[in-house]
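Dropping data-v1.pdb in here (PDB, C-alpha atoms):
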```
ATOM      1  CA  MET R 165     151.179  50.916  88.306
ATOM      2  CA  SER R 166     148.097  53.036  88.796
ATOM      3  CA  ASN R 167     148.329  56.819  88.927
ATOM      4  CA  ASN R 168     144.989  57.137  90.706
ATOM      5  CA  ARG R 169     145.000  58.697  94.157
ATOM      6  CA  HIS R 170     144.333  56.363  97.040
ATOM      7  CA  THR R 171     140.592  56.276  97.736
ATOM      8  CA  ASP R 172     141.195  56.035 101.460
ATOM      9  CA  GLU R 173     142.789  59.481 101.638
ATOM     10  CA  PRO R 174     140.661  61.969 103.575
ATOM     11  CA  GLN R 175     138.606  64.222 101.311
ATOM     12  CA  PRO R 176     137.967  67.923 102.002
ATOM     13  CA  SER R 177     134.549  68.489 103.570
ATOM     14  CA  VAL R 178     132.034  70.860 102.025
ATOM     15  CA  VAL R 179     130.831  73.445 104.513
ATOM     16  CA  GLN R 180     127.336  74.775 103.825
ATOM     17  CA  GLU R 181     126.199  78.102 105.154
ATOM     18  CA  PRO R 182     123.316  77.638 107.590
ATOM     19  CA  ALA R 183     119.970  78.842 106.289
ATOM     20  CA  THR R 184     118.926  82.171 107.774
ATOM     21  CA  ASP R 185     115.427  82.279 109.204
ATOM     22  CA  LEU R 186     113.623  85.446 108.180
ATOM     23  CA  ASP R 187     112.600  87.799 110.960
ATOM     24  CA  LEU R 188     108.801  88.063 110.775
ATOM     25  CA  ALA R 189     108.887  91.551 112.314
ATOM     26  CA  ALA R 190     111.212  92.654 109.509
ATOM     27  CA  VAL R 191     108.937  91.094 106.892
ATOM     28  CA  ARG R 192     105.966  92.890 108.463
ATOM     29  CA  ALA R 193     107.884  96.194 108.311
ATOM     30  CA  PHE R 194     108.631  95.547 104.625
ATOM     31  CA  VAL R 195     104.921  95.034 103.860
ATOM     32  CA  ALA R 196     103.989  98.161 105.811
ATOM     33  CA  VAL R 197     106.496 100.335 103.941
ATOM     34  CA  THR R 198     105.261  98.885 100.647
ATOM     35  CA  GLU R 199     101.678  99.900 101.431
ATOM     36  CA  ASP R 200     102.378 103.284 103.051
ATOM     37  CA  ARG R 201     105.362 104.248 100.818
ATOM     38  CA  TYR R 202     107.010 106.187 103.651
ATOM     39  CA  PHE R 203     109.087 104.754 106.500
ATOM     40  CA  SER R 204     107.555 107.310 108.879
ATOM     41  CA  GLU R 205     103.970 106.246 108.070
ATOM     42  CA  ALA R 206     104.878 102.556 108.331
ATOM     43  CA  ALA R 207     106.440 103.278 111.727
ATOM     44  CA  ALA R 208     103.258 104.989 112.923
ATOM     45  CA  ARG R 209     101.155 102.032 111.802
ATOM     46  CA  LEU R 210     103.446  99.506 113.511
ATOM     47  CA  GLY R 211     103.777 101.595 116.657
ATOM     48  CA  ILE R 212     107.569 101.753 116.513
ATOM     49  CA  SER R 213     110.136 104.398 115.617
ATOM     50  CA  GLN R 214     111.188 105.215 112.064
ATOM     51  CA  GLN R 215     114.728 104.175 113.003
ATOM     52  CA  ALA R 216     113.430 100.765 114.074
ATOM     53  CA  VAL R 217     111.691 100.332 110.717
ATOM     54  CA  SER R 218     114.904 101.253 108.881
ATOM     55  CA  LYS R 219     116.880  98.725 110.945
ATOM     56  CA  ARG R 220     114.361  95.981 110.255
ATOM     57  CA  ILE R 221     114.434  96.652 106.514
ATOM     58  CA  ALA R 222     118.240  96.699 106.542
ATOM     59  CA  ARG R 223     118.323  93.383 108.412
ATOM     60  CA  LEU R 224     115.845  91.834 105.972
ATOM     61  CA  GLU R 225     117.848  93.021 102.959
ATOM     62  CA  SER R 226     120.973  91.561 104.547
ATOM     63  CA  ASP R 227     119.267  88.213 105.201
ATOM     64  CA  LEU R 228     117.924  88.071 101.642
ATOM     65  CA  GLY R 229     121.064  89.437 100.037
ATOM     66  CA  ALA R 230     119.010  91.856  97.972
ATOM     67  CA  ARG R 231     118.039  95.495  97.970
ATOM     68  CA  LEU R 232     114.282  95.824  98.355
ATOM     69  CA  PHE R 233     113.635  99.583  98.172
ATOM     70  CA  SER R 234     114.932 102.648  96.409
ATOM     71  CA  ARG R 235     114.064 105.958  98.063
ATOM     72  CA  THR R 236     112.605 108.778  95.969
ATOM     73  CA  ARG R 237     110.888 112.098  96.629
ATOM     74  CA  THR R 238     107.516 110.359  96.471
ATOM     75  CA  GLY R 239     108.466 107.690  98.989
ATOM     76  CA  ALA R 240     110.042 104.244  98.933
ATOM     77  CA  ASP R 241     109.725 102.433  95.596
ATOM     78  CA  LEU R 242     110.142  98.680  95.278
ATOM     79  CA  THR R 243     113.132  97.372  93.362
ATOM     80  CA  GLU R 244     112.670  94.410  91.047
ATOM     81  CA  ASP R 245     113.792  92.120  93.884
ATOM     82  CA  GLY R 246     111.340  93.869  96.192
ATOM     83  CA  LYS R 247     108.478  93.299  93.748
ATOM     84  CA  ALA R 248     109.425  89.624  93.466
ATOM     85  CA  PHE R 249     109.460  89.248  97.264
ATOM     86  CA  LEU R 250     106.235  91.176  97.980
ATOM     87  CA  HIS R 251     103.743  88.373  97.273
ATOM     88  CA  HIS R 252     105.651  85.956  99.495
ATOM     89  CA  ALA R 253     106.059  88.570 102.229
ATOM     90  CA  ARG R 254     102.317  89.197 102.320
ATOM     91  CA  ALA R 255     101.708  85.462 102.445
ATOM     92  CA  LEU R 256     104.125  85.042 105.379
ATOM     93  CA  VAL R 257     102.515  87.839 107.372
ATOM     94  CA  GLY R 258      99.033  86.612 106.455
ATOM     95  CA  ILE R 259      99.734  83.061 107.607
ATOM     96  CA  ALA R 260     101.184  84.336 110.880
ATOM     97  CA  ASP R 261      98.163  86.557 111.530
ATOM     98  CA  GLN R 262      95.729  83.790 110.647
ATOM     99  CA  ALA R 263      97.538  81.374 112.979
ATOM    100  CA  ARG R 264      97.293  83.907 115.785
ATOM    101  CA  GLU R 265      93.542  84.302 115.162
ATOM    102  CA  VAL R 266      93.038  80.538 115.293
ATOM    103  CA  LEU R 267      94.930  80.241 118.566
ATOM    104  CA  ARG R 268      92.896  82.973 120.160
ATOM    105  CA  GLY R 269      90.112  80.420 120.115
ATOM    106  CA  ARG R 270      87.317  82.935 120.086
ATOM    107  CA  ARG R 271      84.839  84.278 117.612
ATOM    108  CA  ARG R 272      85.703  87.788 116.404
ATOM    109  CA  SER R 273      83.874  90.529 114.569
ATOM    110  CA  LEU R 274      83.630  90.658 110.803
ATOM    111  CA  ARG R 275      86.098  93.432 109.925
ATOM    112  CA  VAL R 276      85.139  95.519 106.887
ATOM    113  CA  ASP R 277      87.432  98.160 105.420
ATOM    114  CA  VAL R 278      85.903 101.375 104.060
ATOM    115  CA  LEU R 279      87.627 104.474 102.756
ATOM    116  CA  ASP R 280      85.523 106.931 104.765
ATOM    117  CA  THR R 281      82.567 106.525 107.120
ATOM    118  CA  ARG R 282      80.708 109.238 105.173
ATOM    119  CA  LEU R 283      80.615 107.032 102.062
ATOM    120  CA  TRP R 284      77.791 104.745 100.933
ATOM    121  CA  SER R 285      79.948 101.698 101.631
ATOM    122  CA  SER R 286      79.720 102.482 105.338
ATOM    123  CA  ASP R 287      75.920 102.724 105.055
ATOM    124  CA  LEU R 288      75.855  99.339 103.309
ATOM    125  CA  VAL R 289      77.750  97.764 106.188
ATOM    126  CA  ARG R 290      75.339  99.271 108.711
ATOM    127  CA  THR R 291      72.218  98.128 106.847
ATOM    128  CA  PHE R 292      73.729  94.638 106.493
ATOM    129  CA  HIS R 293      74.301  94.566 110.235
ATOM    130  CA  GLU R 294      70.661  95.488 110.818
ATOM    131  CA  THR R 295      69.441  92.562 108.693
ATOM    132  CA  VAL R 296      71.375  89.819 110.506
ATOM    133  CA  GLU R 297      71.151  88.632 114.084
ATOM    134  CA  ASP R 298      73.975  87.876 116.512
ATOM    135  CA  VAL R 299      76.653  89.203 114.164
ATOM    136  CA  ASP R 300      79.342  91.633 115.255
ATOM    137  CA  VAL R 301      80.668  93.885 112.499
ATOM    138  CA  GLU R 302      83.580  96.277 112.833
ATOM    139  CA  ILE R 303      84.179  99.124 110.356
ATOM    140  CA  ILE R 304      87.814 100.003 109.707
ATOM    141  CA  THR R 305      88.943 103.005 107.658
ATOM    142  CA  SER R 306      92.064 103.008 105.490
ATOM    143  CA  ASN R 307      93.467 104.567 102.339
ATOM    144  CA  GLY R 308      91.622 102.347  99.864
ATOM    145  CA  LEU R 309      92.941  99.671  97.548
ATOM    146  CA  ARG R 310      96.568 100.498  98.299
ATOM    147  CA  SER R 311      96.331  99.191 101.853
ATOM    148  CA  ALA R 312      93.331  96.862 101.468
ATOM    149  CA  ARG R 313      95.226  94.307  99.395
ATOM    150  CA  GLY R 314      97.838  93.800 102.069
ATOM    151  CA  ALA R 315      95.301  93.901 104.901
ATOM    152  CA  LEU R 316      93.242  91.166 103.220
ATOM    153  CA  ALA R 317      96.332  89.032 102.619
ATOM    154  CA  ARG R 318      97.340  89.352 106.292
ATOM    155  CA  GLY R 319      93.825  88.667 107.542
ATOM    156  CA  ALA R 320      93.724  92.080 109.216
ATOM    157  CA  VAL R 321      90.362  92.703 107.516
ATOM    158  CA  ASP R 322      87.847  90.293 105.999
ATOM    159  CA  ALA R 323      86.494  92.487 103.189
ATOM    160  CA  ALA R 324      87.049  95.932 101.728
ATOM    161  CA  PHE R 325      84.946  98.342  99.693
ATOM    162  CA  VAL R 326      87.233  99.702  96.961
ATOM    163  CA  ARG R 327      87.380 100.533  93.270
ATOM    164  CA  VAL R 328      89.311  97.639  91.715
ATOM    165  CA  GLY R 329      89.631  99.058  88.192
ATOM    166  CA  GLY R 330      90.846  95.858  86.548
ATOM    167  CA  THR R 331      91.947  92.385  87.657
ATOM    168  CA  PRO R 332      93.112  92.012  91.284
ATOM    169  CA  GLU R 333      95.748  89.603  92.566
ATOM    170  CA  GLU R 334      95.136  85.883  92.088
ATOM    171  CA  ASP R 335      94.058  85.254  95.691
ATOM    172  CA  LEU R 336      91.537  88.107  95.760
ATOM    173  CA  ARG R 337      87.929  88.011  94.611
ATOM    174  CA  HIS R 338      85.458  90.856  94.128
ATOM    175  CA  VAL R 339      81.786  91.470  93.409
ATOM    176  CA  PRO R 340      80.148  94.732  92.273
ATOM    177  CA  ALA R 341      78.805  96.691  95.242
ATOM    178  CA  TYR R 342      77.342  99.893  93.812
ATOM    179  CA  LEU R 343      77.607 102.568  91.135
ATOM    180  CA  GLU R 344      77.410 106.037  92.646
ATOM    181  CA  PRO R 345      76.347 108.936  90.394
ATOM    182  CA  VAL R 346      78.729 111.892  90.315
ATOM    183  CA  HIS R 347      77.357 115.304  91.338
ATOM    184  CA  LEU R 348      78.771 118.781  90.868
ATOM    185  CA  LEU R 349      79.200 120.897  94.001
ATOM    186  CA  VAL R 350      79.003 124.665  93.399
ATOM    187  CA  SER R 351      78.353 127.834  95.367
ATOM    188  CA  ARG R 352      74.907 129.457  95.355
ATOM    189  CA  ASP R 353      76.368 132.300  93.279
ATOM    190  CA  HIS R 354      77.581 129.992  90.512
ATOM    191  CA  PRO R 355      75.795 130.175  87.111
ATOM    192  CA  PHE R 356      74.868 126.471  87.418
ATOM    193  CA  ALA R 357      73.372 126.863  90.900
ATOM    194  CA  GLY R 358      69.800 127.168  89.619
ATOM    195  CA  LEU R 359      69.936 124.084  87.391
ATOM    196  CA  ARG R 360      68.240 120.823  88.322
ATOM    197  CA  GLU R 361      70.996 118.952  86.465
ATOM    198  CA  VAL R 362      74.011 119.778  84.329
ATOM    199  CA  GLU R 363      75.062 118.002  81.127
ATOM    200  CA  VAL R 364      78.595 116.673  81.314
ATOM    201  CA  ALA R 365      79.387 118.409  78.005
ATOM    202  CA  ARG R 366      78.782 121.803  79.658
ATOM    203  CA  LEU R 367      81.662 121.075  82.041
ATOM    204  CA  SER R 368      84.171 120.697  79.205
ATOM    205  CA  GLY R 369      87.108 122.999  79.837
ATOM    206  CA  SER R 370      85.984 123.862  83.378
ATOM    207  CA  THR R 371      88.525 123.055  86.092
ATOM    208  CA  VAL R 372      87.182 120.960  88.972
ATOM    209  CA  TRP R 373      88.949 121.123  92.333
ATOM    210  CA  MET R 374      89.567 117.781  94.080
ATOM    211  CA  PRO R 375      92.354 118.138  96.677
ATOM    212  CA  GLY R 376      91.569 114.717  98.139
ATOM    213  CA  ASN R 377      92.639 112.893  94.964
ATOM    214  CA  ALA R 378      95.741 111.293  96.469
ATOM    215  CA  PRO R 379      98.404 110.225  93.941
ATOM    216  CA  ASP R 380      98.225 106.524  92.988
ATOM    217  CA  SER R 381      94.771 106.142  94.565
ATOM    218  CA  GLU R 382      91.980 104.347  92.717
ATOM    219  CA  TRP R 383      89.652 107.342  92.973
ATOM    220  CA  ALA R 384      92.271 109.706  91.521
ATOM    221  CA  GLU R 385      92.628 107.273  88.620
ATOM    222  CA  PHE R 386      88.841 107.266  88.090
ATOM    223  CA  TYR R 387      88.692 111.056  87.835
ATOM    224  CA  ARG R 388      91.773 111.106  85.602
ATOM    225  CA  LEU R 389      89.935 108.827  83.170
ATOM    226  CA  MET R 390      86.777 110.920  83.469
ATOM    227  CA  SER R 391      88.816 114.055  82.840
ATOM    228  CA  ALA R 392      90.260 112.569  79.669
ATOM    229  CA  ALA R 393      86.877 111.321  78.435
ATOM    230  CA  PHE R 394      85.036 114.637  78.840
ATOM    231  CA  ASP R 395      87.836 117.252  78.711
ATOM    232  CA  ILE R 396      87.339 118.314  82.325
ATOM    233  CA  PRO R 397      90.628 119.428  83.928
ATOM    234  CA  ILE R 398      91.082 118.222  87.519
ATOM    235  CA  ASP R 399      92.993 120.394  90.005
ATOM    236  CA  THR R 400      94.384 118.264  92.855
ATOM    237  CA  THR R 401      96.416 120.963  94.595
ATOM    238  CA  GLY R 402      95.875 121.239  98.333
ATOM    239  CA  PRO R 403      95.443 121.778 101.046
ATOM    240  CA  ASP R 404      93.215 118.814 101.836
ATOM    241  CA  PHE R 405      91.788 119.662 105.258
ATOM    242  CA  GLY R 406      88.716 117.424 105.097
ATOM    243  CA  TRP R 407      85.118 117.655 103.918
ATOM    244  CA  GLU R 408      84.192 120.692 106.013
ATOM    245  CA  TYR R 409      87.028 122.749 104.553
ATOM    246  CA  PHE R 410      86.213 121.485 101.056
ATOM    247  CA  ALA R 411      82.573 122.585 101.370
ATOM    248  CA  GLU R 412      83.642 125.940 102.819
ATOM    249  CA  GLN R 413      85.963 126.640  99.888
ATOM    250  CA  ILE R 414      83.325 125.644  97.339
ATOM    251  CA  GLY R 415      80.772 127.803  99.121
ATOM    252  CA  SER R 416      83.089 130.811  98.848
ATOM    253  CA  GLY R 417      82.501 130.735  95.074
ATOM    254  CA  GLU R 418      86.126 130.347  94.075
ATOM    255  CA  ARG R 419      85.943 126.711  92.941
ATOM    256  CA  VAL R 420      83.636 123.835  91.912
ATOM    257  CA  GLY R 421      84.065 120.185  92.888
ATOM    258  CA  PHE R 422      82.805 116.654  92.287
ATOM    259  CA  VAL R 423      81.141 114.575  95.010
ATOM    260  CA  GLY R 424      79.239 111.309  95.077
ATOM    261  CA  GLU R 425      75.439 111.532  95.217
ATOM    262  CA  TRP R 426      75.262 109.455  98.413
ATOM    263  CA  LEU R 427      78.191 111.043 100.207
ATOM    264  CA  ARG R 428      77.043 112.472 103.525
ATOM    265  CA  MET R 429      78.536 115.902 102.919
ATOM    266  CA  PRO R 430      78.656 118.324 105.831
ATOM    267  CA  TRP R 431      75.879 120.867 105.345
ATOM    268  CA  HIS R 432      76.965 124.311 104.189
ATOM    269  CA  PRO R 433      74.485 127.153 103.588
ATOM    270  CA  ARG R 434      76.240 128.362 100.443
ATOM    271  CA  THR R 435      76.694 125.127  98.488
ATOM    272  CA  VAL R 436      74.447 123.404  95.932
ATOM    273  CA  GLN R 437      74.800 119.798  94.744
ATOM    274  CA  ILE R 438      73.754 119.206  91.118
ATOM    275  CA  PRO R 439      73.445 115.823  89.288
ATOM    276  CA  VAL R 440      75.697 115.394  86.231
ATOM    277  CA  VAL R 441      73.892 113.790  83.264
ATOM    278  CA  ASP R 442      74.058 112.809  79.571
ATOM    279  CA  PRO R 443      75.689 110.454  80.414
ATOM    280  CA  VAL R 444      75.736 110.034  84.184
ATOM    281  CA  PRO R 445      79.304 109.350  85.339
ATOM    282  CA  VAL R 446      79.140 106.666  88.040
ATOM    283  CA  TYR R 447      81.884 105.770  90.490
ATOM    284  CA  PRO R 448      82.284 101.967  90.718
ATOM    285  CA  CYS R 449      82.776 100.371  94.122
ATOM    286  CA  SER R 450      83.380  96.653  94.633
ATOM    287  CA  LEU R 451      83.507  94.385  97.653
ATOM    288  CA  LEU R 452      86.975  92.823  97.703
ATOM    289  CA  PHE R 453      87.813  89.741  99.793
ATOM    290  CA  HIS R 454      90.391  86.955 100.035
ATOM    291  CA  ARG R 455      89.437  83.599  98.582
ATOM    292  CA  HIS R 456      90.941  81.769 101.563
ATOM    293  CA  SER R 457      89.006  83.738 104.168
ATOM    294  CA  HIS R 458      86.968  81.454 106.426
ATOM    295  CA  HIS R 459      85.057  83.981 108.485
ATOM    296  CA  PRO R 460      81.565  82.501 108.888
ATOM    297  CA  VAL R 461      79.767  85.787 108.166
ATOM    298  CA  LEU R 462      81.701  86.845 105.056
ATOM    299  CA  ALA R 463      79.604  84.783 102.628
ATOM    300  CA  ARG R 464      76.444  86.423 103.969
ATOM    301  CA  LEU R 465      77.913  89.880 103.432
ATOM    302  CA  VAL R 466      78.925  88.984  99.871
ATOM    303  CA  ARG R 467      75.422  87.705  99.099
ATOM    304  CA  TYR R 468      73.835  90.808 100.647
ATOM    305  CA  VAL R 469      76.000  93.135  98.546
ATOM    306  CA  MET R 470      75.249  91.171  95.371
ATOM    307  CA  ASP R 471      71.511  91.314  96.050
ATOM    308  CA  GLU R 472      71.639  95.093  96.642
ATOM    309  CA  TYR R 473      73.654  95.857  93.491
ATOM    310  CA  ARG R 474      71.874  97.624  90.628
ATOM    311  CA  PRO R 475      73.392  96.840  87.195
ATOM    312  CA  PHE R 476      75.284  99.269  84.995
ATOM    313  CA  ASP R 477      73.136 100.973  82.333
ATOM    314  CA  PRO R 478      75.422 101.663  79.340
ATOM    315  CA  GLY R 479      72.716 103.687  77.595
ATOM    316  CA  ARG R 480      72.475 106.205  80.439
ATOM    317  CA  GLN R 481      75.631 105.874  82.542
ATOM    318  CA  TRP R 482      79.376 106.206  81.950
ATOM    319  CA  LEU R 483      82.135 104.026  83.344
ATOM    320  CA  PRO R 484      85.865 103.927  82.520
ATOM    321  CA  ASP R 485      86.759 101.032  80.246
ATOM    322  CA  PRO R 486      88.773  99.172  82.964
ATOM    323  CA  ASP R 487      85.629  98.928  85.128
ATOM    324  CA  ARG R 488      83.027  97.926  82.556
ATOM    325  CA  ALA R 489      83.581  94.170  82.503
ATOM    326  CA  ALA R 490      83.316  93.751  86.271
ATOM    327  CA  PHE R 491      80.160  95.835  86.514
ATOM    328  CA  THR R 492      78.442  94.240  83.548
ATOM    329  CA  THR R 493      78.998  90.668  84.723
ATOM    330  CA  ALA R 494      79.378  89.936  88.434
ATOM    331  CA  GLN R 495      82.609  88.141  89.403
ATOM    332  CA  THR R 496      82.903  85.720  92.302
TER
END
```
What is this structure when it is put down as structure tokens?
Amino acid sequence: MSNNRHTDEPQPSVVQEPATDLDLAAVRAFVAVTEDRYFSEAAARLGISQQAVSKRIARLESDLGARLFSRTRTGADLTEDGKAFLHHARALVGIADQAREVLRGRRRSLRVDVLDTRLWSSDLVRTFHETVEDVDVEIITSNGLRSARGALARGAVDAAFVRVGGTPEEDLRHVPAYLEPVHLLVSRDHPFAGLREVEVARLSGSTVWMPGNAPDSEWAEFYRLMSAAFDIPIDTTGPDFGWEYFAEQIGSGERVGFVGEWLRMPWHPRTVQIPVVDPVPVYPCSLLFHRHSHHPVLARLVRYVMDEYRPFDPGRQWLPDPDRAAFTTAQT
């Protein structure tokens, strides 16, 4: 006599939890907080309240069953789960934005991200626009590499002028754009004011004021490396009230600062701009773009930037080690 249970007895059914579709608005809020670090700034960018951002993040964490952020004094930091989700979140938002652009069924402007319209990158965009016919170009300002990566992934911009300082994400490509010599900005009463140029060694031990060096920015990292290489302390204490205020404070004789040679500084009667030499520190700017971008004008902009680039001269100029490879051999 068999002890096996009858095979025709009803078996318990296995109930599977239905898959939860992610809320794209919540994913977009997650990407915004990641780039801006503060819920309030992400809310301003998205045009919603801070409370709405918090609710969207909470809903996303609930759907994923994972905590994505830990809040600190310096903003919202990604958890390990948040870091693992970030690439996919950017891809989701990027695909959605690209689909929307396709469905609009119209040709749009080439959108180029620059840090500041006073910088040489903005001049490059304008001169490019003057060399091509029937091309609309839109300049967008942001906070540099920190936001450009996400904007490129989402298709919000087509290219960005930034300092890469290493190897970007797998889907991003970059070509050298320009190397801008660093100048010293002093008051007319400063001992260096009468010099045609100042050797970088003479700045050793002298504190240089740069209130615009935002933490975690690529330009703050450049000047940190320059500071270490030449023993030039950098003071980043504020307030940072813009270029006019910066020039006014330098002109008062209390401080000295660094500026790029091609920066369109507001004129001030009591400031003098002096080239730094032996070697010449140069700030490296690249054109960053997404490898899957299909904007018909992007390739022309890339070629224009590559043709305008003047190579790094290691015998006369100085670059941080993380930048040397990219500016010695162009990457595409």
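Note that the spacing between CA of Ser273 (chain R) and CA of Val301 (chain R) amounts to 5.1 Å.
Nearest to Asp322 (chain R) of all the residues R:His456, R:Arg388, R:Arg264, R:Arg474 is R:His456, based on only C-alpha atoms.
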If you count only C-alpha atoms, which residues fall within 12 Å of region 457-461 of chain R, apart from same-chain ones fewer than 3 positions away, as a ChimeraX atom specification? /R:258-259,262,265-266,270-276,292-293,296-301,315-323,335-337,452-454,464-468
Can you list, as a VMD selection string, every protein, DNA or RNA residue that comes within 7 Å of region 230-236 of chain R when you count all atoms listed in the file, leaving out same-chain residues fewer than 5 positions away? chain R and resid 225 241 to 243 245 to 246
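The shortest atom-to-atom distance to Ala255 (chain R), with all atoms listed in the file taken into account, belongs to R:Val195 out of R:Met390, R:Ala489, R:Val195, R:Leu186.
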